[in-house]
file final-v4.cif (mmCIF, C-alpha atoms and all ligand atoms)
data_structure
loop_
_atom_site.label_atom_id
_atom_site.label_comp_id
_atom_site.auth_asym_id
_atom_site.auth_seq_id
_atom_site.Cartn_x
_atom_site.Cartn_y
_atom_site.Cartn_z
CA MET D 1 13.81 5.21 -16.77
CA THR D 2 14.56 2.32 -14.49
CA ASP D 3 17.57 3.43 -12.47
CA PRO D 4 17.19 2.57 -8.79
CA VAL D 5 16.22 5.43 -6.49
CA VAL D 6 16.45 3.38 -3.32
CA VAL D 7 18.93 0.54 -2.80
CA VAL D 8 19.07 -1.30 0.52
CA ARG D 9 21.43 -4.20 1.23
CA GLY D 10 21.53 -6.19 4.45
CA LEU D 11 19.79 -3.47 6.47
CA ARG D 12 19.57 -4.25 10.16
CA LYS D 13 18.26 -2.24 13.09
CA ARG D 14 18.60 -3.60 16.57
CA TYR D 15 16.87 -2.17 19.63
CA GLY D 16 18.48 -3.83 22.64
CA GLY D 17 17.97 -7.52 22.01
CA LEU D 18 15.31 -7.01 19.30
CA ASP D 19 16.12 -7.15 15.58
CA ALA D 20 13.35 -4.77 14.48
CA VAL D 21 14.78 -4.95 10.94
CA ALA D 22 16.69 -8.18 10.50
CA GLY D 23 18.77 -7.81 7.34
CA ILE D 24 16.58 -6.71 4.42
CA ASP D 25 17.30 -5.94 0.75
CA LEU D 26 15.16 -3.55 -1.30
CA GLU D 27 15.43 -1.87 -4.66
CA ILE D 28 12.98 0.78 -5.83
CA ARG D 29 13.12 2.12 -9.36
CA ARG D 30 12.53 5.65 -10.54
CA GLY D 31 8.90 6.40 -11.31
CA GLU D 32 7.39 3.46 -9.50
CA ILE D 33 4.91 3.30 -6.67
CA PHE D 34 6.29 0.84 -4.18
CA ALA D 35 4.09 -0.42 -1.34
CA PHE D 36 5.61 -1.70 1.87
CA LEU D 37 3.16 -3.90 3.75
CA GLY D 38 3.39 -5.70 7.05
CA PRO D 39 1.64 -6.20 10.38
CA ASN D 40 1.98 -3.81 13.32
CA GLY D 41 5.53 -3.89 14.64
CA ALA D 42 6.93 -5.58 11.50
CA GLY D 43 9.63 -2.93 11.00
CA LYS D 44 8.07 -0.63 8.36
CA THR D 45 8.39 2.70 10.14
CA THR D 46 11.89 1.83 11.33
CA THR D 47 12.93 1.11 7.72
CA VAL D 48 11.24 4.22 6.35
CA GLU D 49 12.81 6.46 8.99
CA ILE D 50 16.25 5.07 8.18
CA LEU D 51 15.65 5.79 4.48
CA GLU D 52 14.47 9.30 5.36
CA GLY D 53 17.64 9.88 7.39
CA PHE D 54 15.72 10.28 10.66
CA ARG D 55 17.02 7.11 12.31
CA GLU D 56 20.42 5.45 12.52
CA ARG D 57 20.90 1.92 11.32
CA THR D 58 22.83 -0.85 13.04
CA GLU D 59 24.19 -2.49 9.87
CA GLY D 60 23.83 -2.56 6.10
CA GLU D 61 24.11 -0.32 3.07
CA VAL D 62 21.52 2.27 2.14
CA SER D 63 21.46 4.56 -0.87
CA VAL D 64 18.59 6.99 -1.48
CA LEU D 65 18.88 9.13 -4.62
CA GLY D 66 22.51 8.04 -4.74
CA VAL D 67 23.28 9.31 -1.23
CA ASP D 68 23.58 7.61 2.17
CA PRO D 69 20.77 9.25 4.17
CA ALA D 70 22.83 8.99 7.37
CA HIS D 71 25.24 11.55 5.91
CA ALA D 72 22.91 13.55 3.67
CA GLY D 73 22.80 17.33 3.58
CA PRO D 74 20.05 19.89 2.97
CA GLN D 75 20.27 19.59 -0.82
CA TRP D 76 19.38 15.91 -0.60
CA ARG D 77 16.56 16.69 1.83
CA ASN D 78 15.05 19.05 -0.76
CA ARG D 79 14.75 16.11 -3.15
CA VAL D 80 12.81 13.97 -0.66
CA GLY D 81 9.26 14.56 0.60
CA ALA D 82 7.59 12.81 3.48
CA VAL D 83 4.12 12.39 4.92
CA LEU D 84 4.64 11.02 8.39
CA GLN D 85 2.13 8.97 10.39
CA GLU D 86 1.56 11.81 12.86
CA SER D 87 1.41 15.46 11.97
CA SER D 88 0.11 18.70 13.42
CA PRO D 89 -0.97 21.57 11.19
CA GLU D 90 0.75 24.92 11.61
CA PHE D 91 -1.14 26.77 14.31
CA GLY D 92 -2.80 29.99 13.16
CA LEU D 93 -2.11 29.46 9.45
CA THR D 94 -4.54 28.69 6.68
CA VAL D 95 -3.94 25.95 4.12
CA ARG D 96 -2.53 28.47 1.65
CA GLU D 97 -0.37 30.20 4.28
CA SER D 98 1.08 26.87 5.46
CA LEU D 99 2.03 26.05 1.90
CA GLU D 100 3.51 29.52 1.38
CA LEU D 101 5.61 29.05 4.51
CA TYR D 102 6.90 25.64 3.43
CA ALA D 103 7.46 26.77 -0.16
CA GLY D 104 9.87 29.36 1.24
CA TYR D 105 12.16 26.57 2.45
CA TYR D 106 12.81 25.28 -1.07
CA GLU D 107 14.79 26.56 -4.01
CA ALA D 108 12.27 25.59 -6.67
CA PRO D 109 8.90 24.92 -5.04
CA ARG D 110 5.77 23.83 -6.91
CA ASP D 111 3.07 26.34 -7.68
CA ILE D 112 0.97 26.79 -4.52
CA GLU D 113 -2.49 27.06 -6.13
CA GLU D 114 -1.80 24.08 -8.36
CA THR D 115 -0.69 22.01 -5.37
CA ILE D 116 -3.85 22.97 -3.47
CA ARG D 117 -5.90 21.84 -6.47
CA LEU D 118 -3.90 18.63 -6.81
CA VAL D 119 -4.90 17.49 -3.31
CA GLY D 120 -8.48 18.75 -3.67
CA LEU D 121 -8.35 21.46 -1.01
CA ASP D 122 -9.49 24.32 -3.29
CA GLU D 123 -12.51 25.07 -1.13
CA LYS D 124 -10.46 25.00 2.07
CA ALA D 125 -7.53 27.13 0.94
CA ASP D 126 -8.46 29.91 3.40
CA THR D 127 -9.36 27.61 6.30
CA LEU D 128 -7.11 27.45 9.35
CA GLY D 129 -5.20 24.16 9.68
CA PRO D 130 -6.70 23.17 13.05
CA GLN D 131 -10.22 23.69 11.61
CA LEU D 132 -9.73 21.03 8.93
CA SER D 133 -11.24 17.56 9.34
CA GLY D 134 -8.87 14.64 9.88
CA GLY D 135 -8.99 13.63 6.21
CA GLN D 136 -8.49 17.22 5.04
CA ARG D 137 -5.46 17.56 7.32
CA ARG D 138 -3.99 14.47 5.76
CA ARG D 139 -4.47 16.08 2.34
CA LEU D 140 -2.68 19.16 3.61
CA ASP D 141 0.14 16.84 4.80
CA VAL D 142 0.40 15.45 1.27
CA ALA D 143 0.40 18.99 -0.18
CA LEU D 144 3.18 20.01 2.23
CA ALA D 145 5.22 16.96 1.23
CA LEU D 146 4.82 17.90 -2.43
CA ILE D 147 5.44 21.64 -2.24
CA GLY D 148 9.22 21.28 -2.58
CA ASP D 149 8.66 19.27 -5.79
CA PRO D 150 10.59 16.25 -4.46
CA GLU D 151 11.73 13.34 -6.65
CA LEU D 152 10.94 10.74 -4.00
CA ILE D 153 7.97 10.85 -1.66
CA PHE D 154 7.45 8.70 1.42
CA LEU D 155 3.79 8.27 2.31
CA ASP D 156 3.33 6.55 5.66
CA GLU D 157 -0.29 5.34 5.88
CA PRO D 158 -1.50 8.37 3.93
CA THR D 159 -5.22 7.54 3.93
CA THR D 160 -5.78 6.35 7.49
CA GLY D 161 -9.05 7.84 8.68
CA PHE D 162 -10.26 8.82 5.20
CA ASP D 163 -13.84 8.18 4.15
CA PRO D 164 -14.17 5.96 1.06
CA SER D 165 -14.60 8.88 -1.31
CA ALA D 166 -11.64 10.81 0.16
CA ARG D 167 -9.58 7.64 -0.18
CA ARG D 168 -10.43 7.45 -3.90
CA THR D 169 -9.43 11.09 -4.29
CA ALA D 170 -6.14 10.42 -2.52
CA TRP D 171 -5.47 7.44 -4.78
CA HIS D 172 -6.02 9.71 -7.73
CA VAL D 173 -3.49 12.17 -6.33
CA ILE D 174 -0.95 9.43 -5.65
CA SER D 175 -1.35 7.92 -9.14
CA GLY D 176 -0.92 11.45 -10.46
CA LEU D 177 2.51 11.55 -8.79
CA ARG D 178 3.58 8.61 -10.90
CA GLU D 179 2.50 10.52 -14.00
CA LEU D 180 4.66 13.42 -12.83
CA GLY D 181 7.62 10.98 -12.83
CA LYS D 182 7.90 10.86 -9.04
CA THR D 183 8.89 7.77 -7.09
CA VAL D 184 6.55 6.89 -4.22
CA PHE D 185 7.33 4.73 -1.19
CA LEU D 186 4.00 3.93 0.40
CA THR D 187 3.24 2.08 3.61
CA THR D 188 -0.35 1.05 4.16
CA HIS D 189 -2.53 -1.43 5.99
CA TYR D 190 -5.19 -1.26 3.27
CA MET D 191 -4.84 -4.06 0.75
CA ASP D 192 -7.17 -2.39 -1.73
CA GLU D 193 -4.91 0.65 -1.62
CA ALA D 194 -1.83 -1.41 -2.43
CA GLU D 195 -3.73 -3.29 -5.12
CA ASN D 196 -4.91 -0.09 -6.77
CA LEU D 197 -1.73 1.92 -6.54
CA ALA D 198 1.37 -0.22 -6.32
CA ASP D 199 3.58 -1.26 -9.20
CA ARG D 200 5.43 -3.47 -6.75
CA ILE D 201 4.86 -4.66 -3.21
CA ALA D 202 7.20 -6.00 -0.53
CA VAL D 203 5.81 -7.64 2.60
CA ILE D 204 7.81 -7.43 5.82
CA ALA D 205 7.06 -9.57 8.88
CA GLY D 206 9.21 -9.87 11.98
CA GLY D 207 11.84 -7.62 10.39
CA ARG D 208 12.30 -9.83 7.30
CA ILE D 209 11.00 -9.49 3.75
CA VAL D 210 8.72 -12.49 3.28
CA ALA D 211 7.54 -11.75 -0.28
CA GLU D 212 7.99 -9.32 -3.10
CA GLY D 213 6.14 -8.95 -6.38
CA THR D 214 3.44 -7.13 -8.28
CA PRO D 215 -0.06 -7.01 -6.77
CA GLY D 216 -1.07 -9.78 -9.17
CA THR D 217 1.85 -12.12 -8.52
CA LEU D 218 2.77 -11.54 -4.89
CA GLY D 219 3.24 -14.77 -2.97
CA GLY D 220 2.33 -16.85 -6.04
CA ARG D 221 -1.17 -15.32 -6.14
CA ASN D 222 -1.43 -15.83 -9.90
CA ARG D 223 -0.83 -19.56 -9.45
CA MET D 224 -3.25 -20.06 -6.57
CA ALA D 225 -6.50 -21.94 -7.06
CA ALA D 226 -9.77 -20.07 -7.49
CA THR D 227 -12.77 -20.99 -5.37
CA ILE D 228 -16.35 -21.67 -6.37
CA ALA D 229 -18.73 -21.46 -3.41
CA PHE D 230 -22.48 -22.06 -3.22
CA SER D 231 -25.18 -23.40 -0.89
CA LEU D 232 -26.56 -26.76 -1.87
CA PRO D 233 -30.21 -26.61 -2.94
CA GLU D 234 -32.65 -28.31 -0.59
CA GLY D 235 -32.81 -32.06 -0.96
CA THR D 236 -29.29 -32.35 -2.43
CA SER D 237 -25.95 -33.19 -0.87
CA ALA D 238 -22.33 -32.81 -1.99
CA ASP D 239 -22.40 -36.50 -2.91
CA ASP D 240 -24.95 -35.71 -5.66
CA LEU D 241 -22.46 -33.48 -7.50
CA PRO D 242 -20.83 -34.90 -10.62
CA GLU D 243 -17.62 -36.83 -10.01
CA GLU D 244 -15.36 -34.11 -11.52
CA LEU D 245 -16.72 -31.56 -9.00
CA ARG D 246 -16.75 -33.92 -6.02
CA ALA D 247 -13.00 -34.29 -6.46
CA LEU D 248 -12.62 -30.50 -5.96
CA VAL D 249 -14.56 -30.13 -2.71
CA ALA D 250 -12.41 -28.22 -0.22
CA ASP D 251 -15.20 -27.60 2.26
CA ALA D 252 -18.63 -29.22 2.43
CA GLY D 253 -20.09 -27.33 5.37
CA GLU D 254 -23.18 -25.14 5.08
CA ARG D 255 -21.74 -23.79 1.87
CA VAL D 256 -19.78 -26.02 -0.47
CA THR D 257 -16.41 -24.67 -1.59
CA LEU D 258 -14.60 -26.07 -4.61
CA ALA D 259 -10.93 -25.27 -5.24
CA THR D 260 -10.10 -25.18 -8.94
CA ASP D 261 -7.43 -24.16 -11.42
CA ALA D 262 -10.05 -24.03 -14.17
CA PRO D 263 -12.95 -22.04 -12.69
CA LEU D 264 -14.73 -21.47 -16.01
CA VAL D 265 -14.86 -25.19 -16.83
CA HIS D 266 -16.06 -26.12 -13.39
CA VAL D 267 -18.63 -23.35 -13.13
CA ARG D 268 -20.08 -24.64 -16.38
CA ALA D 269 -20.15 -28.22 -15.04
CA LEU D 270 -21.90 -26.98 -11.89
CA ALA D 271 -24.41 -24.90 -13.87
CA ASP D 272 -25.16 -27.83 -16.19
CA TRP D 273 -25.75 -30.06 -13.18
CA ALA D 274 -28.09 -27.55 -11.48
CA LEU D 275 -30.02 -26.59 -14.62
CA ALA D 276 -30.57 -30.23 -15.62
CA ARG D 277 -32.34 -30.70 -12.27
CA GLY D 278 -34.26 -27.42 -12.38
CA LEU D 279 -32.24 -26.14 -9.40
CA ASP D 280 -31.01 -22.61 -8.74
CA LEU D 281 -27.75 -21.59 -7.02
CA PRO D 282 -28.65 -18.04 -5.96
CA ASP D 283 -25.56 -17.40 -3.84
CA LEU D 284 -23.03 -18.81 -6.31
CA ASP D 285 -19.71 -17.03 -5.90
CA VAL D 286 -16.53 -17.46 -7.94
CA ARG D 287 -13.37 -15.75 -6.86
CA ARG D 288 -9.62 -15.64 -7.11
CA PRO D 289 -7.55 -15.21 -3.94
CA THR D 290 -7.49 -11.54 -3.01
CA LEU D 291 -4.34 -9.66 -2.09
CA GLU D 292 -5.63 -9.78 1.48
CA ASP D 293 -5.87 -13.61 1.36
CA VAL D 294 -2.26 -13.78 0.17
CA TYR D 295 -1.07 -11.18 2.66
CA LEU D 296 -2.68 -12.99 5.59
CA GLU D 297 -1.14 -16.25 4.54
CA LEU D 298 2.30 -14.63 4.23
CA THR D 299 2.19 -12.85 7.56
CA GLU D 300 0.44 -15.46 9.68
CA ALA D 301 2.57 -16.16 12.72
CA PRO D 302 3.77 -19.79 12.68
CA ALA D 303 1.63 -21.90 15.04
P1 LIG Y 1 3.00 -0.24 12.61
O1 LIG Y 1 2.30 -0.93 11.47
O2 LIG Y 1 2.34 -0.55 13.92
O3 LIG Y 1 3.26 1.22 12.39
P2 LIG Y 1 5.81 -0.91 12.00
O4 LIG Y 1 5.91 -2.03 11.03
O5 LIG Y 1 5.98 0.46 11.48
O6 LIG Y 1 4.44 -1.03 12.79
P3 LIG Y 1 8.08 -0.33 13.71
O7 LIG Y 1 7.56 0.95 14.28
O8 LIG Y 1 9.15 -0.23 12.70
O9 LIG Y 1 6.88 -1.22 13.16
O10 LIG Y 1 8.59 -1.22 14.93
C1 LIG Y 1 9.28 -2.45 14.75
C2 LIG Y 1 9.64 -3.03 16.12
O11 LIG Y 1 10.64 -2.21 16.72
C3 LIG Y 1 8.49 -3.09 17.10
O12 LIG Y 1 8.61 -4.29 17.85
C4 LIG Y 1 8.72 -1.89 17.99
O13 LIG Y 1 8.23 -2.13 19.30
C5 LIG Y 1 10.22 -1.76 17.99
N1 LIG Y 1 10.67 -0.37 18.16
C6 LIG Y 1 10.37 0.67 17.34
N2 LIG Y 1 10.97 1.81 17.76
C7 LIG Y 1 11.66 1.48 18.87
C8 LIG Y 1 12.52 2.20 19.79
N3 LIG Y 1 12.76 3.51 19.60
N4 LIG Y 1 13.07 1.53 20.80
C9 LIG Y 1 12.85 0.21 20.98
N5 LIG Y 1 12.07 -0.54 20.16
C10 LIG Y 1 11.48 0.08 19.13
#
call {"tool": "encode", "arguments": {"input": "final-v4.cif", "output": "structure tokens", "more": "lines below"}}
Ligand code: ATP
result
Amino acid sequence: MTDPVVVVRGLRKRYGGLDAVAGIDLEIRRGEIFAFLGPNGAGKTTTVEILEGFRERTEGEVSVLGVDPAHAGPQWRNRVGAVLQESSPEFGLTVRESLELYAGYYEAPRDIEETIRLVGLDEKADTLGPQLSGGQRRRLDVALALIGDPELIFLDEPTTGFDPSARRTAWHVISGLRELGKTVFLTTHYMDEAENLADRIAVIAGGRIVAEGTPGTLGGRNRMAATIAFSLPEGTSADDLPEELRALVADAGERVTLATDAPLVHVRALADWALARGLDLPDLDVRRPTLEDVYLELTEAPA
């Protein structure tokens, strides 16, 4: 199933003299988790709110589940779920009661107890919304977005303020949505979240899409050099390294950094060199560029 659920062509949103969204194209397929990344003020929320039908656009074509959200009716709204950046729990209602209330708005809602279990709020089902912790409230937000059994779910920074273990639980829930055949449009500032969850990522900066790809290939990540870093043992200098490694030195400060397309070969050359001299390299570190490295490079403001 690869039919597009979201199609955006030439989308523009102007606020006065500012092009908050400056002509973007997007296509999101059914059943995928799509992550939309970008610095503060890049245009993410503006785009998401246009797709949700909450904000008018200046120009461009938008189709969400085959419908233009600017002219969508209640039936379309039932097919779309959203977790917004800000939310306030229903005053005076428990988790279960909030879900019962929201379930009443939909023709074919999900099972309430199962939804509570899905977001891991079983032990808090009878707790009043305002008495939940920040992370638990966010889980309730996710449950409320899911209760109508939508096909497409917008999650705007869904794990902000979560502790590391709650974040893992949330990731589990979000991956579970993919298994249920749902399409997820996720915005996040956490690169590990995008790396773990997304099938595809688009990066927006200054209202323009600057890169698109899988977590592994975004911005040419798969073609970028790996680095080998280590501190030189006492009594040695970078000049003592074998010729083939000297040619790779990218930084010879306190720690030496080598940039290489063949990390295995060069780690072996380095290990052979050290072992032959009875030297140790206790802080040896070999790594590929992380998604965060690539993201920072893509979104760095031009000097
Ligand atoms: P964040 O990561 O901080 O949530 P974002 O990528 O979601 O940022 P947007 O909220 O879409 O960014 O804002 C994009 C730009 O549009 C910003 O420069 C913002 O100041 C501006 N903007 C947003 N809403 C309005 C508005 N209602 N009127 C005028 N300018 C706005």
call {"tool": "residues_around", "arguments": {"input": "final-v4.cif", "residues": "Leu26 of chain D", "least_positions_apart": "3", "cutoff": "7 Å", "atoms": "all atoms listed in the file", "output": "count of residues only"}}
result
3
call {"tool": "axis_aligned_box", "arguments": {"input": "final-v4.cif", "around": "segment 194-212 of chain D", "padding_each_side": "5 Å", "output": "AutoDock Vina command-line options"}}
result
--center_x 3.7 --center_y -5.3 --center_z 1.4 --size_x 27.2 --size_y 24.4 --size_z 31.2
call {"tool": "closest_residue", "arguments": {"input": "final-v4.cif", "among": "D:Asp280, D:Asp156, D:Asp149, D:Glu32", "to": "ligand LIG 1 (chain Y)", "atoms": "only C-alpha atoms and all ligand atoms"}}
result
D:Asp156
call {"tool": "closest_atom_pairs", "arguments": {"input": "final-v4.cif", "of": "chain D", "to": "ligand LIG 1 (chain Y)", "cutoff": "7 Å", "atoms": "only C-alpha atoms and all ligand atoms", "output": "Markdown table"}}
result
| residue | atom | partner | partner_atom | distance |
| --- | --- | --- | --- | --- |
| D:Tyr15 | CA | Y:LIG1 | C9 | 4.9 |
| D:Ala20 | CA | Y:LIG1 | O11 | 4.3 |
| D:Gly38 | CA | Y:LIG1 | O4 | 6.0 |
| D:Pro39 | CA | Y:LIG1 | O1 | 5.4 |
| D:Asn40 | CA | Y:LIG1 | O2 | 3.3 |
| D:Gly41 | CA | Y:LIG1 | O9 | 3.3 |
| D:Ala42 | CA | Y:LIG1 | O4 | 3.7 |
| D:Gly43 | CA | Y:LIG1 | O8 | 3.2 |
| D:Lys44 | CA | Y:LIG1 | O4 | 3.7 |
| D:Thr45 | CA | Y:LIG1 | O5 | 3.6 |
| D:Thr46 | CA | Y:LIG1 | O8 | 3.7 |
| D:Thr47 | CA | Y:LIG1 | O8 | 6.4 |
call {"tool": "residues_near_point", "arguments": {"input": "final-v4.cif", "point": "(1.4, -12.3, 9.7)", "cutoff": "12 Å", "atoms": "all atoms listed in the file", "output": "list in words"}}
result
Leu37, Gly38, Pro39, Asn40, Gly41, Ala42, Val203, Ile204, Ala205, Gly206, Gly207, Arg208, Ile209, Val210, Ala211, Glu292, Asp293, Val294, Tyr295, Leu296, Glu297, Leu298, Thr299, Glu300, Ala301, Pro302 and Ala303 of chain D
call {"tool": "residues_around", "arguments": {"input": "final-v4.cif", "residues": "Leu128 of chain D", "least_positions_apart": "2", "cutoff": "7 Å", "atoms": "all atoms listed in the file", "output": "list in words"}}
result
Gly92, Leu93, Thr94, Val95, Asp126, Pro130, Gln131 and Leu132 of chain D
call {"tool": "closest_residue", "arguments": {"input": "final-v4.cif", "among": "D:Asp19, D:Asp240, D:Glu234, D:Asp141", "to": "Glu254 of chain D", "atoms": "all atoms listed in the file"}}
result
D:Glu234
call {"tool": "atom_distance", "arguments": {"input": "final-v4.cif", "atom1": "atom CA of Ala82 of chain D", "atom2": "atom CA of Gly129 of chain D"}}
result
18.2 Å
call {"tool": "atom_distance", "arguments": {"input": "final-v4.cif", "atom1": "atom CA of Phe185 of chain D", "atom2": "atom CA of Pro4 of chain D"}}
result
12.6 Å
call {"tool": "atom_distance", "arguments": {"input": "final-v4.cif", "atom1": "atom CA of Ala143 of chain D", "atom2": "atom CA of Val83 of chain D"}}
result
9.1 Å
call {"tool": "closest_residue", "arguments": {"input": "final-v4.cif", "among": "D:Gly135, D:Asp163, D:Ala72, D:Leu180", "to": "Leu118 of chain D", "atoms": "all atoms listed in the file"}}
result
D:Leu180
call {"tool": "closest_residue", "arguments": {"input": "final-v4.cif", "among": "D:Phe34, D:Gly60, D:Leu51, D:Asp122", "to": "Arg14 of chain D", "atoms": "only C-alpha atoms"}}
result
D:Gly60
call {"tool": "closest_residue", "arguments": {"input": "final-v4.cif", "among": "D:Gly73, D:His172, D:Ile147, D:Pro282", "to": "Ala103 of chain D", "atoms": "all atoms listed in the file"}}
result
D:Ile147
call {"tool": "residues_near_point", "arguments": {"input": "final-v4.cif", "point": "(-22.9, -35.0, -10.7)", "cutoff": "12 Å", "atoms": "only C-alpha atoms", "output": "PyMOL selection string"}}
result
chain D and resi 236-247+266+269-277
call {"tool": "closest_residue", "arguments": {"input": "final-v4.cif", "among": "D:Lys124, D:Lys182, D:Arg117, D:Arg167", "to": "Leu65 of chain D", "atoms": "all atoms listed in the file"}}
result
D:Lys182
call {"tool": "residues_around", "arguments": {"input": "final-v4.cif", "residues": "Thr115 of chain D", "least_positions_apart": "4", "cutoff": "9 Å", "atoms": "only C-alpha atoms", "output": "CSV table (one decimal) with C-alpha atoms, in the frame of the given file"}}
result
chain,number,residue,atom,x,y,z
D,99,LEU,CA,2.0,26.0,1.9
D,110,ARG,CA,5.8,23.8,-6.9
D,111,ASP,CA,3.1,26.3,-7.7
D,119,VAL,CA,-4.9,17.5,-3.3
D,120,GLY,CA,-8.5,18.8,-3.7
D,121,LEU,CA,-8.4,21.5,-1.0
D,143,ALA,CA,0.4,19.0,-0.2
D,144,LEU,CA,3.2,20.0,2.2
D,146,LEU,CA,4.8,17.9,-2.4
D,147,ILE,CA,5.4,21.6,-2.2
call {"tool": "residues_around", "arguments": {"input": "final-v4.cif", "residues": "Arg223 of chain D", "least_positions_apart": "4", "cutoff": "10 Å", "atoms": "all atoms listed in the file", "output": "number ranges by chain"}}
result
D: 216-219, 261, 288-289
call {"tool": "decode", "arguments": {"input": "final-v4.cif", "residues": "segment 127-180 of chain D", "atoms": "C-alpha atoms", "output": "tab-separated table (two decimals), in the first residue's frame"}}
result
chain	number	residue	atom	x	y	z
D	127	THR	CA	-6.86	9.51	37.86
D	128	LEU	CA	-8.12	13.01	37.13
D	129	GLY	CA	-6.47	14.65	34.11
D	130	PRO	CA	-4.97	17.60	36.02
D	131	GLN	CA	-3.38	15.15	38.51
D	132	LEU	CA	-1.32	13.44	35.82
D	133	SER	CA	2.38	14.23	35.40
D	134	GLY	CA	3.47	16.10	32.28
D	135	GLY	CA	4.55	12.91	30.52
D	136	GLN	CA	1.34	11.08	31.50
D	137	ARG	CA	-0.73	13.98	30.13
D	138	ARG	CA	1.10	13.69	26.86
D	139	ARG	CA	0.19	9.99	26.79
D	140	LEU	CA	-3.42	10.93	27.39
D	141	ASP	CA	-3.12	13.38	24.46
D	142	VAL	CA	-1.93	10.51	22.27
D	143	ALA	CA	-4.80	8.32	23.50
D	144	LEU	CA	-7.31	11.09	22.73
D	145	ALA	CA	-5.86	11.47	19.24
D	146	LEU	CA	-6.24	7.73	18.67
D	147	ILE	CA	-9.70	7.18	20.13
D	148	GLY	CA	-11.48	8.01	16.87
D	149	ASP	CA	-9.36	5.36	15.12
D	150	PRO	CA	-7.98	7.86	12.58
D	151	GLU	CA	-6.09	6.86	9.43
D	152	LEU	CA	-3.61	9.72	9.71
D	153	ILE	CA	-2.17	11.03	12.95
D	154	PHE	CA	-0.24	14.27	13.42
D	155	LEU	CA	2.10	14.17	16.39
D	156	ASP	CA	3.62	17.56	17.12
D	157	GLU	CA	6.63	17.04	19.42
D	158	PRO	CA	4.88	14.16	21.18
D	159	THR	CA	7.63	13.31	23.67
D	160	THR	CA	8.75	16.75	24.82
D	161	GLY	CA	9.27	16.57	28.57
D	162	PHE	CA	9.29	12.77	28.73
D	163	ASP	CA	11.86	10.93	30.83
D	164	PRO	CA	14.04	8.51	28.84
D	165	SER	CA	11.97	5.48	29.77
D	166	ALA	CA	8.65	7.21	28.95
D	167	ARG	CA	10.16	8.24	25.62
D	168	ARG	CA	10.96	4.59	24.83
D	169	THR	CA	7.40	3.63	25.74
D	170	ALA	CA	6.05	6.37	23.47
D	171	TRP	CA	8.26	5.17	20.62
D	172	HIS	CA	6.83	1.73	21.11
D	173	VAL	CA	3.31	3.15	20.88
D	174	ILE	CA	4.15	5.16	17.76
D	175	SER	CA	5.78	2.17	16.03
D	176	GLY	CA	2.68	0.21	16.98
D	177	LEU	CA	0.62	2.70	14.96
D	178	ARG	CA	2.56	1.75	11.87
D	179	GLU	CA	1.73	-1.89	12.54
D	180	LEU	CA	-1.94	-0.89	12.73
